[in-house]
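Peer 1: input-v8.csv is the file, holding CSV, C-alpha atoms:
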chain,number,residue,atom,x,y,z
A,1,MET,CA,2.5,119.5,25.0
A,2,LYS,CA,4.1,122.9,25.7
A,3,ASN,CA,4.3,124.8,22.5
A,4,ASN,CA,7.0,127.4,23.4
A,5,PHE,CA,10.5,126.2,24.2
A,6,ILE,CA,14.2,126.9,23.3
A,7,ILE,CA,16.0,125.2,20.4
A,8,SER,CA,19.6,125.4,19.5
A,9,ALA,CA,22.1,125.1,16.6
A,10,ALA,CA,25.7,124.2,17.2
A,11,HIS,CA,27.6,126.7,15.0
A,12,CYS,CA,30.9,125.0,15.8
A,13,SER,CA,33.9,123.3,14.4
A,14,PRO,CA,34.7,119.6,14.8
A,15,VAL,CA,38.1,118.2,15.8
A,16,PHE,CA,38.9,117.6,12.2
A,17,LEU,CA,39.5,113.9,11.3
A,18,ASP,CA,39.3,112.8,14.9
A,19,ALA,CA,36.0,110.9,15.7
A,20,ASP,CA,36.7,110.4,19.4
A,21,LYS,CA,37.8,114.0,20.2
A,22,THR,CA,34.9,115.3,18.2
A,23,THR,CA,32.5,113.1,20.1
A,24,SER,CA,33.9,114.5,23.4
A,25,LYS,CA,33.3,118.0,22.1
A,26,VAL,CA,29.7,117.0,21.1
A,27,ILE,CA,29.0,116.0,24.6
A,28,GLU,CA,30.4,119.2,26.0
A,29,ILE,CA,28.1,121.2,23.6
A,30,ILE,CA,25.1,119.1,24.6
A,31,GLU,CA,25.7,120.0,28.2
A,32,LYS,CA,26.1,123.7,27.3
A,33,ALA,CA,22.8,123.7,25.3
A,34,LYS,CA,21.0,122.1,28.2
A,35,ASN,CA,22.4,124.8,30.5
A,36,GLN,CA,20.7,127.3,28.1
A,37,LYS,CA,17.5,125.4,28.8
A,38,SER,CA,17.3,124.1,25.2
A,39,LYS,CA,15.1,121.2,24.3
A,40,LEU,CA,16.8,120.5,21.0
A,41,ILE,CA,20.5,120.8,19.8
A,42,VAL,CA,21.3,120.4,16.1
A,43,PHE,CA,24.9,119.7,14.9
A,44,PRO,CA,26.1,120.3,11.4
A,45,GLU,CA,26.5,118.0,8.4
A,46,SER,CA,29.2,115.4,8.8
A,47,PHE,CA,30.2,116.9,12.1
A,48,ILE,CA,31.9,113.6,12.9
A,49,PRO,CA,34.7,113.6,11.8
A,50,GLY,CA,34.4,116.8,9.7
A,51,PHE,CA,33.6,117.6,6.1
A,52,PRO,CA,35.8,116.2,3.2
A,53,ILE,CA,36.8,119.6,1.8
A,54,TRP,CA,39.9,118.2,0.1
A,55,ASN,CA,37.7,116.8,-2.7
A,56,ALA,CA,37.0,120.4,-3.8
A,57,ILE,CA,40.5,121.9,-3.6
A,58,ASP,CA,42.8,119.2,-4.9
A,59,LYS,CA,43.0,116.5,-7.6
A,60,PRO,CA,41.4,113.1,-6.7
A,61,ILE,CA,44.7,111.3,-7.4
A,62,ASN,CA,46.3,113.3,-4.6
A,63,ASN,CA,43.6,112.6,-2.0
A,64,HIS,CA,44.0,108.9,-1.2
A,65,ASP,CA,45.5,109.4,2.2
A,66,PHE,CA,42.8,111.9,3.2
A,67,PHE,CA,40.1,109.3,2.1
A,68,LYS,CA,41.8,106.5,4.1
A,69,LYS,CA,41.9,108.6,7.3
A,70,PHE,CA,38.4,109.8,6.7
A,71,VAL,CA,37.2,106.1,6.5
A,72,GLN,CA,39.2,105.3,9.7
A,73,HIS,CA,37.4,108.1,11.5
A,74,SER,CA,33.9,107.5,10.1
A,75,ILE,CA,31.7,105.8,12.6
A,76,ARG,CA,29.1,103.1,12.9
A,77,ILE,CA,25.5,103.6,13.9
A,78,ASP,CA,26.0,101.0,16.6
A,79,GLY,CA,29.5,102.2,17.5
A,80,PRO,CA,30.9,103.7,20.8
A,81,GLN,CA,30.7,107.3,19.6
A,82,ILE,CA,26.9,107.2,18.9
A,83,LYS,CA,26.4,105.3,22.2
A,84,LYS,CA,28.1,108.1,24.1
A,85,ILE,CA,26.1,110.8,22.4
A,86,SER,CA,22.9,108.9,23.1
A,87,GLU,CA,23.9,108.5,26.8
A,88,ALA,CA,24.5,112.3,26.9
A,89,ALA,CA,21.1,113.0,25.3
A,90,LYS,CA,19.5,110.9,28.0
A,91,LYS,CA,21.6,112.3,30.9
A,92,PHE,CA,20.8,115.9,29.9
A,93,SER,CA,17.3,115.2,28.7
A,94,ILE,CA,17.6,116.9,25.4
A,95,ILE,CA,16.9,115.9,21.8
A,96,VAL,CA,20.0,115.7,19.6
A,97,SER,CA,20.4,115.8,15.8
A,98,ILE,CA,23.8,115.1,14.5
A,99,GLY,CA,25.4,114.6,11.1
A,100,PHE,CA,28.2,112.1,10.7
A,101,SER,CA,30.1,110.1,8.1
A,102,GLU,CA,28.8,106.6,8.5
A,103,SER,CA,30.8,103.4,7.9
A,104,VAL,CA,29.0,100.1,7.4
A,105,PRO,CA,30.1,96.5,8.1
A,106,GLN,CA,29.4,95.4,4.5
A,107,SER,CA,32.4,97.2,3.1
A,108,VAL,CA,35.7,98.7,4.3
A,109,GLY,CA,35.4,101.6,1.9
A,110,CYS,CA,31.6,102.4,1.6
A,111,LEU,CA,30.5,105.5,3.5
A,112,PHE,CA,27.2,107.4,3.8
A,113,ASN,CA,26.5,111.1,4.7
A,114,SER,CA,24.2,110.5,7.6
A,115,ASN,CA,22.0,112.2,10.2
A,116,ILE,CA,20.3,110.8,13.2
A,117,ILE,CA,17.8,112.2,15.7
A,118,ILE,CA,18.1,111.0,19.3
A,119,ASN,CA,15.3,111.7,21.7
A,120,GLU,CA,15.7,112.9,25.3
A,121,LEU,CA,15.5,109.2,26.4
A,122,GLY,CA,18.6,108.4,24.4
A,123,LYS,CA,16.8,106.5,21.7
A,124,ILE,CA,17.6,106.9,18.0
A,125,ILE,CA,14.2,107.8,16.5
A,126,ASN,CA,15.4,108.5,12.9
A,127,HIS,CA,18.5,107.5,10.9
A,128,HIS,CA,18.7,109.2,7.5
A,129,ARG,CA,21.3,108.8,4.8
A,130,LYS,CA,21.7,111.6,2.3
A,131,ILE,CA,19.9,110.5,-0.9
A,132,VAL,CA,22.4,111.9,-3.3
A,133,PRO,CA,25.9,113.3,-2.5
A,134,THR,CA,26.4,116.7,-4.0
A,135,PHE,CA,29.0,117.6,-6.6
A,136,PHE,CA,32.5,116.6,-5.2
A,137,GLU,CA,30.9,114.7,-2.3
A,138,LYS,CA,30.4,111.8,-4.7
A,139,LEU,CA,34.2,111.1,-4.4
A,140,THR,CA,33.6,110.2,-0.7
A,141,TRP,CA,30.0,109.1,0.0
A,142,SER,CA,27.6,106.6,-1.6
A,143,ASN,CA,24.0,107.3,-2.5
A,144,GLY,CA,21.7,106.9,0.5
A,145,ASP,CA,18.2,105.6,0.6
A,146,SER,CA,14.7,106.7,1.7
A,147,HIS,CA,14.5,104.7,5.0
A,148,GLY,CA,15.0,107.9,7.1
A,149,LEU,CA,13.2,110.3,4.8
A,150,LYS,CA,10.4,110.9,7.3
A,151,VAL,CA,9.0,113.1,10.1
A,152,VAL,CA,9.2,111.8,13.6
A,153,ASN,CA,7.1,112.5,16.6
A,154,THR,CA,8.9,114.0,19.7
A,155,SER,CA,8.0,115.6,23.0
A,156,ILE,CA,8.4,119.1,21.3
A,157,GLY,CA,6.5,118.3,18.1
A,158,LYS,CA,7.1,116.7,14.7
A,159,LEU,CA,10.7,116.9,13.5
A,160,GLY,CA,12.1,116.3,10.0
A,161,ALA,CA,15.7,116.6,8.8
A,162,LEU,CA,17.4,117.1,5.4
A,163,ILE,CA,21.1,117.3,4.7
A,164,CYS,CA,22.5,120.3,2.8
A,165,GLY,CA,21.6,120.1,-0.9
A,166,GLU,CA,18.6,117.9,-0.1
A,167,ASN,CA,17.0,121.2,0.9
A,168,THR,CA,17.1,122.1,-2.8
A,169,ASN,CA,15.0,119.1,-3.7
A,170,PRO,CA,11.3,120.2,-3.7
A,171,LEU,CA,10.0,116.6,-3.5
A,172,ALA,CA,12.2,115.8,-0.5
A,173,ARG,CA,11.0,118.9,1.2
A,174,TYR,CA,7.4,118.3,0.3
A,175,SER,CA,7.7,114.8,1.8
A,176,MET,CA,8.4,116.5,5.1
A,177,ILE,CA,5.6,119.0,4.8
A,178,ALA,CA,3.1,116.2,3.8
A,179,GLU,CA,3.8,114.4,7.1
A,180,GLY,CA,2.9,117.4,9.2
A,181,GLU,CA,6.4,118.6,10.0
A,182,GLN,CA,6.6,121.5,12.5
A,183,ILE,CA,10.4,121.9,13.0
A,184,HIS,CA,12.7,121.3,10.1
A,185,ILE,CA,16.4,120.6,10.6
A,186,SER,CA,18.9,121.7,7.9
A,187,THR,CA,22.6,120.9,8.2
A,188,TYR,CA,25.5,122.3,6.2
A,189,PRO,CA,29.3,122.2,5.8
A,190,PRO,CA,31.6,125.1,6.9
A,191,ILE,CA,32.4,126.2,3.3
A,192,TRP,CA,31.4,125.2,-0.2
A,193,PRO,CA,34.2,125.7,-2.8
A,194,THR,CA,32.8,125.4,-6.4
A,195,HIS,CA,35.1,127.7,-8.2
A,196,THR,CA,38.6,129.1,-7.9
A,197,PRO,CA,38.8,132.3,-5.7
A,198,ASN,CA,39.2,134.6,-8.8
A,199,ALA,CA,36.1,133.3,-10.5
A,200,ASN,CA,33.2,135.7,-11.1
A,201,ASP,CA,30.5,133.2,-10.6
A,202,LYS,CA,31.3,131.7,-7.2
A,203,TYR,CA,28.5,129.9,-5.4
A,204,ASP,CA,27.3,132.0,-2.4
A,205,LEU,CA,26.7,129.4,0.3
A,206,ALA,CA,25.2,131.8,2.9
A,207,SER,CA,22.7,133.2,0.4
A,208,ALA,CA,21.8,129.8,-0.8
A,209,ILE,CA,21.1,128.7,2.7
A,210,LYS,CA,18.9,131.7,3.4
A,211,ILE,CA,16.9,131.1,0.2
A,212,ARG,CA,16.4,127.4,0.9
A,213,ALA,CA,15.6,127.8,4.6
A,214,GLY,CA,13.3,130.7,4.0
A,215,ALA,CA,11.4,129.0,1.2
A,216,HIS,CA,10.9,125.8,3.2
A,217,SER,CA,9.7,127.6,6.3
A,218,PHE,CA,7.3,129.8,4.3
A,219,GLU,CA,5.9,126.9,2.2
A,220,GLY,CA,5.6,124.5,5.1
A,221,LYS,CA,4.8,127.1,7.7
A,222,VAL,CA,7.4,125.5,9.9
A,223,PHE,CA,10.3,126.6,12.1
A,224,ASN,CA,13.7,125.8,10.4
A,225,ILE,CA,16.8,125.3,12.4
A,226,VAL,CA,20.0,125.6,10.3
A,227,ALA,CA,23.4,124.4,11.6
A,228,ALA,CA,26.6,125.0,9.6
A,229,SER,CA,30.0,124.1,10.9
A,230,ILE,CA,33.1,126.4,11.2
A,231,LEU,CA,36.5,126.1,9.4
A,232,ASP,CA,38.9,126.4,12.4
A,233,LEU,CA,42.6,127.0,12.4
A,234,ASN,CA,43.3,123.3,13.0
A,235,THR,CA,41.4,122.2,9.9
A,236,LYS,CA,43.0,124.9,7.8
A,237,LYS,CA,46.5,123.7,8.9
A,238,ILE,CA,45.8,120.0,8.2
A,239,LEU,CA,44.6,120.8,4.7
A,240,SER,CA,47.2,123.5,4.0
A,241,ASP,CA,50.1,121.2,5.1
A,242,GLU,CA,49.1,118.6,2.5
A,243,ILE,CA,47.6,120.6,-0.4
A,244,GLU,CA,49.5,123.3,-2.3
A,245,GLY,CA,47.5,126.5,-2.5
A,246,ALA,CA,44.9,125.3,0.0
A,247,GLU,CA,45.3,128.3,2.4
A,248,HIS,CA,44.3,130.8,-0.3
A,249,ILE,CA,41.3,128.8,-1.5
A,250,LEU,CA,40.0,128.1,2.0
A,251,ALA,CA,40.3,131.8,2.9
A,252,ASN,CA,38.3,132.9,-0.1
A,253,SER,CA,35.6,130.2,-0.4
A,254,PRO,CA,31.9,130.9,0.4
A,255,LYS,CA,31.2,130.2,4.1
A,256,GLY,CA,28.1,128.8,5.7
A,257,ILE,CA,25.6,130.4,8.1
A,258,SER,CA,23.6,129.1,11.0
A,259,MET,CA,20.1,130.4,11.7
A,260,ILE,CA,16.6,129.8,13.0
A,261,VAL,CA,13.8,130.8,10.7
A,262,GLY,CA,10.2,131.4,11.6
A,263,PRO,CA,7.1,130.0,9.7
A,264,ASP,CA,6.9,133.3,7.8
A,265,GLY,CA,10.1,132.5,6.1
A,266,MET,CA,12.1,135.3,7.9
A,267,PRO,CA,15.2,134.7,10.0
A,268,ILE,CA,14.7,135.1,13.8
A,269,ILE,CA,18.3,134.8,14.7
A,270,GLU,CA,21.5,134.0,12.7
A,271,THR,CA,25.3,133.9,12.9
A,272,ASN,CA,28.2,133.6,10.5
A,273,SER,CA,30.8,133.8,13.3
A,274,GLU,CA,34.1,132.2,12.9
A,275,LYS,CA,34.2,131.2,16.6
A,276,ASP,CA,32.2,128.4,18.2
A,277,GLU,CA,28.7,129.5,19.2
A,278,ILE,CA,25.5,127.8,20.3
A,279,LEU,CA,22.7,129.7,18.6
A,280,SER,CA,19.6,129.4,20.8
A,281,GLN,CA,16.1,130.8,20.4
A,282,GLU,CA,12.8,130.4,22.1
A,283,ILE,CA,10.0,129.5,19.6
A,284,ASP,CA,6.3,129.1,19.8
A,285,LEU,CA,4.7,126.4,17.6
A,286,ASP,CA,1.3,128.2,17.8
A,287,LYS,CA,2.7,130.7,15.4
A,288,CYS,CA,2.4,128.0,12.7
A,289,ILE,CA,-1.4,127.9,13.1
A,290,ILE,CA,-2.4,131.3,11.6
A,291,ALA,CA,0.2,130.9,8.9
A,292,LYS,CA,-1.5,127.7,7.9
A,293,GLN,CA,-4.7,129.7,7.3
A,294,PHE,CA,-3.1,131.2,4.2
A,295,HIS,CA,-1.2,128.3,2.6
A,296,ASP,CA,-1.6,124.8,4.0
A,297,LEU,CA,0.1,122.5,1.5
A,298,SER,CA,-0.5,119.4,3.6
A,299,GLY,CA,-4.2,120.4,4.0
A,300,TYR,CA,-6.8,122.5,2.3
A,301,TYR,CA,-4.4,124.5,0.1
A,302,ASN,CA,-3.7,121.6,-2.2
A,303,ARG,CA,-5.6,119.5,-4.7
A,304,PHE,CA,-4.8,115.9,-4.0
A,305,ASP,CA,-7.3,114.9,-6.6
A,306,ILE,CA,-5.1,116.6,-9.2
A,307,PHE,CA,-1.6,115.8,-7.8
A,308,GLU,CA,-0.3,112.5,-6.5
A,309,PHE,CA,2.8,112.0,-4.5
A,310,LYS,CA,4.4,108.7,-3.5
A,311,VAL,CA,7.6,107.9,-1.5
A,312,ASN,CA,9.1,104.5,-1.7
A,313,ARG,CA,10.7,104.0,1.7
A,314,PHE,CA,13.3,101.4,2.0
A,315,ARG,CA,16.8,100.6,3.3
A,316,THR,CA,19.3,99.4,0.7
A,317,SER,CA,21.4,96.3,1.2
A,318,PRO,CA,24.1,94.7,-1.0
A,319,ILE,CA,22.7,91.2,-0.5
A,320,GLU,CA,19.5,89.4,0.4
A,321,ILE,CA,19.8,85.9,1.7
A,322,LYS,CA,16.9,83.4,1.2
A,323,ASN,CA,17.2,80.2,3.1
A,324,LYS,CA,15.0,77.3,1.8
Could you take the file, read its structure, and then write that structure out as structure tokens?
Peer 2:
Amino acid sequence: MKNNFIISAAHCSPVFLDADKTTSKVIEIIEKAKNQKSKLIVFPESFIPGFPIWNAIDKPINNHDFFKKFVQHSIRIDGPQIKKISEAAKKFSIIVSIGFSESVPQSVGCLFNSNIIINELGKIINHHRKIVPTFFEKLTWSNGDSHGLKVVNTSIGKLGALICGENTNPLARYSMIAEGEQIHISTYPPIWPTHTPNANDKYDLASAIKIRAGAHSFEGKVFNIVAASILDLNTKKILSDEIEGAEHILANSPKGISMIVGPDGMPIIETNSEKDEILSQEIDLDKCIIAKQFHDLSGYYNRFDIFEFKVNRFRTSPIEIKNK
């Protein structure tokens, strides 16, 4: 296996609340990443059909129409959008990680904040649902499960993925490290409003991303590819047309950052551009080896006779049928 290759983050905006148009854009970005000779392209959290920002900037009683449209443009794991993306991954021979709002056949209103990894043969090799929606996300998404909380083997090494706030969970992150993760995928929204713009204690999303990405890379001695989306003019208009005062809040809310971090915990390349950009970087997995000499949490630099760690891996279901 070749240990040096190019990986990419799609620091881009979706076509807000339009699953099919966003899917077409995803395929265009996949082709562009391949033209940059990338072996892996990572898309942000809930890239299809965008992030439910309205939950943070308006009262829940005003957001029923947004939720309805979001449900209508959330997609199935076996639906046409994922099929087209899988076909593109195979056509361009590139590994694709993408975040999407997932609908399920068991309920017309149940959604999950999901991420899948598709290999270069077009096969889905991991399907993860965010364990716990963060803060106002609970108004849209259900709790996920542990079925996809794992590291997968690929042609470029062992990949693991966590969604946004999951990268704050030391146990979730350690579960990746303990399975020998080499490249970690972290996905984020375009902005993260937690306070009004005039508050003194606003959450700094970019700083939080840097702290989390650097910590995981340093602790696990892994490369970390971070993909955050962009709040484009179309998204701002859709929200501002429906929500009073939205324009001011959106303009003054903490914005995300995309980056690629080395196993020393330091950023190699980063961007907070407000224009679409494919952030690409050549990495060398051999750089993880010497770093493991110092702190190998999945090897000698731990005491498994003192600490025990267990993950209950399962997929939730609303019903189990037993036929006698």
Peer 1: In Å, rounded to a single decimal, give me how far CA of Gly160 in chain A is from CA of Arg315 in chain A.
Peer 2: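 Distance between the two atoms: 17.7 Å.
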Peer 1: Counting all atoms listed in the file, which residues of range 116-136 of chain A fall within 12 Å of range 194-201 of chain A, and what is the closest atom pair for each with its distance in Å at one decimal, ordered by chain and rising number, as a tab-separated table?
Peer 2:
residue	atom	partner	partner_atom	distance
A:Thr134	CA	A:Thr194	CA	11.1
A:Phe135	CA	A:Thr194	CA	8.7
A:Phe136	CA	A:Thr194	CA	8.9
Peer 1: At a cut-off of 9 Å, can you tabulate as a Markdown table every residue of range 149-253 of chain A near range 100-118 of chain A together with its closest atom pair and the distance in Å to one decimal, using all atoms listed in the file and ordering rows by chain then number?
Peer 2:
| residue | atom | partner | partner_atom | distance |
| --- | --- | --- | --- | --- |
| A:Val152 | CA | A:Ile117 | CA | 8.9 |
| A:Leu159 | CA | A:Ile117 | CA | 8.8 |
| A:Ala161 | CA | A:Asn115 | CA | 7.8 |
| A:Leu162 | CA | A:Asn115 | CA | 8.3 |
| A:Ile163 | CA | A:Asn115 | CA | 7.6 |
| A:Thr187 | CA | A:Asn115 | CA | 8.9 |
Peer 1: With a cut-off of 10 Å, could you pull out the residues of range 63-181 of chain A touching range 4-13 of chain A and give me the nearest pair of atoms for each, distance in Å to one decimal, using all atoms listed in the file, ordered by chain and ascending number, as JSON lines?
Peer 2:
{"residue": "A:Ile94", "atom": "CA", "partner": "A:Ile7", "partner_atom": "CA", "distance": 9.8}
{"residue": "A:Ile95", "atom": "CA", "partner": "A:Ile7", "partner_atom": "CA", "distance": 9.4}
{"residue": "A:Val96", "atom": "CA", "partner": "A:Ser8", "partner_atom": "CA", "distance": 9.7}
{"residue": "A:Ser97", "atom": "CA", "partner": "A:Ala9", "partner_atom": "CA", "distance": 9.5}
{"residue": "A:Ile98", "atom": "CA", "partner": "A:Ala10", "partner_atom": "CA", "distance": 9.7}
{"residue": "A:Ile156", "atom": "CA", "partner": "A:Phe5", "partner_atom": "CA", "distance": 8.0}
Peer 1: Using CA of Met176 in chain A and CA of Pro52 in chain A as the two end points, give the distance in Å to one decimal.
Peer 2: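 According to the coordinates, CA of Met176 in chain A and CA of Pro52 in chain A are separated by 27.5 Å.
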Peer 1: Which residue gives the smallest distance to His295 in chain A among A:Ile269, A:Leu250, A:Val15, A:Val222, with all atoms listed in the file counted?
Peer 2: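 Nearest candidate to His295 in chain A out of A:Ile269, A:Leu250, A:Val15, A:Val222: A:Val222.
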Peer 1: Give me, as a ChimeraX atom specification, all polymer residues having an atom no more than 9 Å from Asp296 in chain A, counting all atoms listed in the file and skipping those fewer than 5 positions away in the same chain.
Peer 2: /A:219-221,291,301-302
Peer 1: Of the residues A:Leu297, A:Thr316, A:Ile230, A:Ala215, which is the one nearest to Asp264 in chain A, using only C-alpha atoms?
Peer 2: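 When distances to Asp264 in chain A are compared using only C-alpha atoms, the smallest one comes from A:Ala215.
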Peer 1: Which residues are close to Asn234 in chain A, i.e. within 12 Å by all atoms listed in the file, leaving aside same-chain residues fewer than 5 positions away? Reply as a PDB file with C-alpha atoms, in the coordinates of the input.
Peer 2:
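Saved to selection-v1.pdb:
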ATOM      1  CA  SER A  13      33.900 123.300  14.400  1.00  0.00           C
ATOM      2  CA  PRO A  14      34.700 119.600  14.800  1.00  0.00           C
ATOM      3  CA  VAL A  15      38.100 118.200  15.800  1.00  0.00           C
ATOM      4  CA  PHE A  16      38.900 117.600  12.200  1.00  0.00           C
ATOM      5  CA  LEU A  17      39.500 113.900  11.300  1.00  0.00           C
ATOM      6  CA  ASP A  18      39.300 112.800  14.900  1.00  0.00           C
ATOM      7  CA  GLY A  50      34.400 116.800   9.700  1.00  0.00           C
ATOM      8  CA  LEU A 239      44.600 120.800   4.700  1.00  0.00           C
ATOM      9  CA  SER A 240      47.200 123.500   4.000  1.00  0.00           C
ATOM     10  CA  ASP A 241      50.100 121.200   5.100  1.00  0.00           C
ATOM     11  CA  GLU A 247      45.300 128.300   2.400  1.00  0.00           C
TER      12      GLU A 247
END
Peer 1: Could you tell me how far CA of Ser217 in chain A sits from CA of Gln293 in chain A, in Å to one decimal place?
Peer 2: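 Rounded to one decimal, the two atoms are 14.6 Å apart.
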Peer 1: Can you tell me which residues surround Ile278 in chain A at a distance of at most 10 Å, considering all atoms listed in the file, apart from same-chain residues fewer than 2 positions away, and format the answer as a list of chain:residue names?
Peer 2: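 My reading of the contact set: A:Ile7, A:Ser8, A:Ala9, A:Ala10, A:His11, A:Cys12, A:Ile29, A:Ile30, A:Lys32, A:Ala33, A:Gln36, A:Ile41, A:Val42, A:Phe43, A:Ala227, A:Ser258, A:Thr271, A:Asp276, A:Ser280, A:Gln281.
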Peer 1: A:Ile53, A:Lys39, A:Lys90, A:Ala206: which is nearest Glu137 in chain A, counting all atoms listed in the file?
Peer 2: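 Of A:Ile53, A:Lys39, A:Lys90, A:Ala206, the one nearest Glu137 in chain A is A:Ile53, counting all atoms listed in the file.
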Peer 1: Using only C-alpha atoms, can you tell me which of A:Ile185, A:Leu149, A:Leu233, A:Ile211 comes closest to Lys275 in chain A?
Peer 2: A:Leu233
Peer 1: Using all atoms listed in the file, which residue out of A:Lys158, A:His128, A:Ile249, A:Gly262 lies closest to Glu45 in chain A?
Peer 2: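 Of A:Lys158, A:His128, A:Ile249, A:Gly262, the one nearest Glu45 in chain A is A:His128, counting all atoms listed in the file.
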Peer 1: Which of these residues is nearest to Lys37 in chain A, using all atoms listed in the file: A:Glu282, A:Ser175, A:Asn167, A:Leu139?
Peer 2: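 Closest to Lys37 in chain A, using all atoms listed in the file: A:Glu282.
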Peer 1: Any chance you could model N, CA and C atoms for range 278-299 of chain A and send them as an mmCIF file, in the coordinates of the input?
Peer 2:
data_model
loop_
_atom_site.group_PDB
_atom_site.id
_atom_site.type_symbol
_atom_site.label_atom_id
_atom_site.label_comp_id
_atom_site.auth_asym_id
_atom_site.auth_seq_id
_atom_site.Cartn_x
_atom_site.Cartn_y
_atom_site.Cartn_z
ATOM 1 N N ILE A 278 26.809 128.554 20.312
ATOM 2 C CA ILE A 278 25.500 127.800 20.300
ATOM 3 C C ILE A 278 24.434 128.846 20.131
ATOM 4 N N LEU A 279 23.779 128.747 18.995
ATOM 5 C CA LEU A 279 22.700 129.700 18.600
ATOM 6 C C LEU A 279 21.399 129.185 19.169
ATOM 7 N N SER A 280 20.839 129.896 20.132
ATOM 8 C CA SER A 280 19.600 129.400 20.800
ATOM 9 C C SER A 280 18.505 130.469 20.656
ATOM 10 N N GLN A 281 17.274 129.959 20.576
ATOM 11 C CA GLN A 281 16.100 130.800 20.400
ATOM 12 C C GLN A 281 14.865 130.172 20.938
ATOM 13 N N GLU A 282 14.065 130.926 21.652
ATOM 14 C CA GLU A 282 12.800 130.400 22.100
ATOM 15 C C GLU A 282 11.789 130.536 20.889
ATOM 16 N N ILE A 283 11.044 129.475 20.626
ATOM 17 C CA ILE A 283 10.000 129.500 19.600
ATOM 18 C C ILE A 283 8.682 129.099 20.138
ATOM 19 N N ASP A 284 7.639 129.420 19.394
ATOM 20 C CA ASP A 284 6.300 129.100 19.800
ATOM 21 C C ASP A 284 5.577 128.446 18.608
ATOM 22 N N LEU A 285 5.316 127.145 18.712
ATOM 23 C CA LEU A 285 4.700 126.400 17.600
ATOM 24 C C LEU A 285 3.326 126.912 17.235
ATOM 25 N N ASP A 286 2.673 127.605 18.156
ATOM 26 C CA ASP A 286 1.300 128.200 17.800
ATOM 27 C C ASP A 286 1.403 129.177 16.711
ATOM 28 N N LYS A 287 2.589 129.728 16.455
ATOM 29 C CA LYS A 287 2.700 130.700 15.400
ATOM 30 C C LYS A 287 2.557 130.038 13.993
ATOM 31 N N CYS A 288 2.613 128.722 13.961
ATOM 32 C CA CYS A 288 2.400 128.000 12.700
ATOM 33 C C CYS A 288 0.906 127.950 12.330
ATOM 34 N N ILE A 289 0.044 128.139 13.302
ATOM 35 C CA ILE A 289 -1.400 127.900 13.100
ATOM 36 C C ILE A 289 -1.990 128.949 12.153
ATOM 37 N N ILE A 290 -1.795 130.219 12.473
ATOM 38 C CA ILE A 290 -2.400 131.300 11.600
ATOM 39 C C ILE A 290 -1.756 131.248 10.243
ATOM 40 N N ALA A 291 -0.449 130.982 10.184
ATOM 41 C CA ALA A 291 0.200 130.900 8.900
ATOM 42 C C ALA A 291 -0.412 129.842 7.994
ATOM 43 N N LYS A 292 -0.889 128.749 8.626
ATOM 44 C CA LYS A 292 -1.500 127.700 7.900
ATOM 45 C C LYS A 292 -2.879 128.108 7.287
ATOM 46 N N GLN A 293 -3.457 129.174 7.838
ATOM 47 C CA GLN A 293 -4.700 129.700 7.300
ATOM 48 C C GLN A 293 -4.524 130.154 5.837
ATOM 49 N N PHE A 294 -3.322 130.637 5.552
ATOM 50 C CA PHE A 294 -3.100 131.200 4.200
ATOM 51 C C PHE A 294 -2.690 130.177 3.194
ATOM 52 N N HIS A 295 -1.711 129.336 3.540
ATOM 53 C CA HIS A 295 -1.200 128.300 2.600
ATOM 54 C C HIS A 295 -0.970 127.028 3.420
ATOM 55 N N ASP A 296 -1.816 126.042 3.303
ATOM 56 C CA ASP A 296 -1.600 124.800 4.000
ATOM 57 C C ASP A 296 -1.409 123.680 2.982
ATOM 58 N N LEU A 297 -0.151 123.454 2.603
ATOM 59 C CA LEU A 297 0.100 122.500 1.500
ATOM 60 C C LEU A 297 -0.133 121.071 1.875
ATOM 61 N N SER A 298 -0.197 120.774 3.172
ATOM 62 C CA SER A 298 -0.500 119.400 3.600
ATOM 63 C C SER A 298 -2.003 119.300 3.967
ATOM 64 N N GLY A 299 -2.760 120.369 3.694
ATOM 65 C CA GLY A 299 -4.200 120.400 4.000
ATOM 66 C C GLY A 299 -5.029 120.971 2.932
#
